[in-house]
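Everything on this sheet refers to the single structure shown next.
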Amino acid sequence: MRWSRDWILQPLVTAVFVIALGELMHAFLPWQSSWLRGQFVRTWQPDYNRDLSDALLADSRNGGFTFFVRHGDRDEEPDAIDRASLLNIVPSEHRRGLCLNELGRVESQILGNFFRAAKIPIGEVIASPVCRARETAELSLGRVDRLDPSLILSTLLAPGEERAAQRMNLKKLLEQTPAAGTNRMLASHGAVLETIGYKNLNLSPAGMVIFQHTGEGPTIRSIVTLRDMIFALSAPGSLK
């Protein structure tokens, strides 16, 4: 019957063909196969909330949130140079190049002004030891309470034990709750959270993943850009 051919046989043949093609690509073109699987999975991943609502701002004023902030803009440098900076073997006259550029410094200051204008209390400030992350925290909030290597990009670490320890310690750090009535800032890098299983974050420079701490651990409440933060504030004389 025609309906059985259209509704059963054709989809079945198509599925077998796709599976066979995938196995051939995996056998002969493993890199491309992984890339295609990644594209397919990414397409079907549910996205996170990306809205900085009045309700979220109000809740954050009561504390209980971790703001995972990506550092501001910087000039591109090879990972090897970043690694060299951690080992303190970069010539002193070139270290400035591993920090924020002029745009990144402005972004960091705007970030701090947002927290103050929104009246969001920030308790502990923790930063990656890499200059641009540390500088983002210093320029925005005026301090860094401590540096934590778990906030470093894993690509800056030697494969093996260093990376495994970074992932384990990052999970522990993320699970720590802020002091009562306050929030935390973690100044880090894009793609760091992906090392412990988060997907589809697309964190922009000076943007942040907002984690809310509940009885079930940290959950992502929203992912916002610096532009979102600026437009969440009421302009003088506005109707908001």
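In the structure tokens, chains take the letters A, B, ... in the order shown, each chain's residues start at 1, and ligands count up from 1 in the order shown.
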Quiz prompt | For segment 112-115 of chain A: contacts at 7 Å, only C-alpha atoms, fewer than 3 positions along chain excluded, given as a PyMOL selection string | solution = chain A and resi 108-109+118-120+140-141+229-230
Written selection (N, CA and C atoms) as a compact mmCIF listing (two decimals), in the first residue's frame:
# COMPACT_ATOMS: atom_id res chain seq x y z
N SER A 108 34.73 47.19 31.70
CA SER A 108 34.83 46.78 33.10
C SER A 108 34.32 47.87 34.03
N GLN A 109 34.63 49.10 33.73
CA GLN A 109 34.15 50.20 34.56
C GLN A 109 32.64 50.35 34.45
N ALA A 118 22.33 49.57 40.04
CA ALA A 118 21.25 48.62 40.29
C ALA A 118 21.14 48.23 41.76
N LYS A 119 22.08 48.74 42.57
CA LYS A 119 22.08 48.47 44.02
C LYS A 119 22.15 46.97 44.33
N ILE A 120 23.03 46.30 43.59
CA ILE A 120 23.24 44.86 43.79
C ILE A 120 24.47 44.67 44.68
N SER A 140 36.09 47.03 37.87
CA SER A 140 34.64 47.10 38.07
C SER A 140 34.27 47.28 39.54
N LEU A 141 34.93 46.53 40.42
CA LEU A 141 34.55 46.56 41.83
C LEU A 141 35.64 47.08 42.75
N MET A 229 22.61 44.80 30.53
CA MET A 229 22.73 45.46 31.84
C MET A 229 22.48 46.96 31.72
N ILE A 230 23.04 47.57 30.69
CA ILE A 230 22.88 49.02 30.51
C ILE A 230 21.41 49.37 30.28
Practice problem: Per DSSP on the backbone, filter segment 123-234 of chain A down to the residues in strand (DSSP E or B) and report them as a PyMOL selection string. | Solution: chain A and resi 123-127+146-147+183-188+208-214+217-224
Quiz item: If you count only C-alpha atoms, which residues fall within 7 Å of Phe67 of chain A, apart from same-chain ones fewer than 3 positions away, as a PyMOL selection string?
Solution: chain A and resi 184-186+208-211
Selection from above, N, CA and C atoms, as a PDB file, in the first residue's frame, can you write it?
ATOM      1  N   ARG A 184      28.204  36.952  44.801  1.00  0.00           N
ATOM      2  CA  ARG A 184      29.627  36.793  44.474  1.00  0.00           C
ATOM      3  C   ARG A 184      29.877  37.154  43.024  1.00  0.00           C
ATOM      4  N   MET A 185      31.073  37.648  42.755  1.00  0.00           N
ATOM      5  CA  MET A 185      31.529  37.764  41.369  1.00  0.00           C
ATOM      6  C   MET A 185      32.680  36.794  41.154  1.00  0.00           C
ATOM      7  N   LEU A 186      32.590  36.036  40.072  1.00  0.00           N
ATOM      8  CA  LEU A 186      33.697  35.207  39.601  1.00  0.00           C
ATOM      9  C   LEU A 186      34.143  35.784  38.270  1.00  0.00           C
ATOM     10  N   MET A 208      27.705  38.097  31.575  1.00  0.00           N
ATOM     11  CA  MET A 208      27.767  37.197  32.724  1.00  0.00           C
ATOM     12  C   MET A 208      26.665  36.151  32.712  1.00  0.00           C
ATOM     13  N   VAL A 209      27.023  35.007  33.290  1.00  0.00           N
ATOM     14  CA  VAL A 209      26.067  33.948  33.588  1.00  0.00           C
ATOM     15  C   VAL A 209      25.627  34.164  35.034  1.00  0.00           C
ATOM     16  N   ILE A 210      24.332  34.293  35.247  1.00  0.00           N
ATOM     17  CA  ILE A 210      23.809  34.571  36.582  1.00  0.00           C
ATOM     18  C   ILE A 210      23.296  33.269  37.185  1.00  0.00           C
ATOM     19  N   PHE A 211      24.003  32.786  38.198  1.00  0.00           N
ATOM     20  CA  PHE A 211      23.615  31.566  38.899  1.00  0.00           C
ATOM     21  C   PHE A 211      22.844  31.931  40.168  1.00  0.00           C
TER      22      PHE A 211
END
Practice problem: Among the residues of segment 121-187 of chain A, find those DSSP assigns to alpha helix (DSSP H) from the backbone and print them as a ChimeraX atom specification. | Solution: /A:131-141,161-175
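Minimum atom-to-atom distances from A:Ser128, A:Thr177, A:Ser222, A:Gln166 to Gly190 of chain A were compared using only C-alpha atoms, and the lowest value belongs to A:Ser128.
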Quiz item: What gap, in Å, lies between atom CA of Ser154 of chain A and atom CA of Lys171 of chain A?
Solution: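 Going from atom CA of Ser154 of chain A over to atom CA of Lys171 of chain A covers 13.4 Å.
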Considering only C-alpha atoms, return as a PDB file with N, CA and C atoms, in the first residue's frame whatever protein or nucleic-acid residues lie within 6 Å of Val224 of chain A, sequence-local ones (same chain, fewer than 3 positions apart) excluded.
ATOM      1  N   ARG A  50      17.687  34.722  28.580  1.00  0.00           N
ATOM      2  CA  ARG A  50      18.676  35.760  28.317  1.00  0.00           C
ATOM      3  C   ARG A  50      18.047  37.148  28.526  1.00  0.00           C
ATOM      4  N   GLY A 207      30.053  40.158  29.685  1.00  0.00           N
ATOM      5  CA  GLY A 207      28.742  39.591  29.966  1.00  0.00           C
ATOM      6  C   GLY A 207      28.839  38.618  31.124  1.00  0.00           C
ATOM      7  N   MET A 208      27.705  38.097  31.575  1.00  0.00           N
ATOM      8  CA  MET A 208      27.767  37.197  32.724  1.00  0.00           C
ATOM      9  C   MET A 208      26.665  36.151  32.712  1.00  0.00           C
ATOM     10  N   ASP A 228      22.613  44.350  27.780  1.00  0.00           N
ATOM     11  CA  ASP A 228      21.412  44.044  28.571  1.00  0.00           C
ATOM     12  C   ASP A 228      21.439  44.777  29.907  1.00  0.00           C
TER      13      ASP A 228
END
Exercise. Show which residues sit within 8 Å of Gln212 of chain A, as a ChimeraX atom specification. Count only C-alpha atoms, and ignore same-chain residues fewer than 3 positions away.
Key: /A:64-66,218-221
Quiz prompt | Two-atom distance - atom CA of Pro121 of chain A, atom CA of Asp51 of chain A (Å) | solution =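 Atom CA of Asp51 of chain A lies 19.8 Å from atom CA of Pro121 of chain A.
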Would you mind listing what lies within 7 Å of Ala133 of chain A as a tab-separated table (two decimals) with C-alpha atoms, in the first residue's frame, with only C-alpha atoms counted and same-chain residues fewer than 5 positions away left out?
chain	number	residue	atom	x	y	z
A	71	HIS	CA	36.54	39.48	31.21
A	127	ALA	CA	39.24	36.19	39.78
A	128	SER	CA	41.30	34.08	37.44
A	187	ALA	CA	35.81	37.02	37.00
A	188	SER	CA	36.86	34.44	34.45
A	189	HIS	CA	36.94	33.66	30.72
Quiz item: When you draw a straight line from atom CA of Arg163 of chain A to atom CA of Leu147 of chain A, how long is it in Å?
Solution: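 The value is 17.2 Å.
In terms of minimum interatomic distance to Ser204 of chain A, A:Leu226 ranks closest within A:Glu216, A:Leu226, A:Leu156, A:Glu138, counting only C-alpha atoms.
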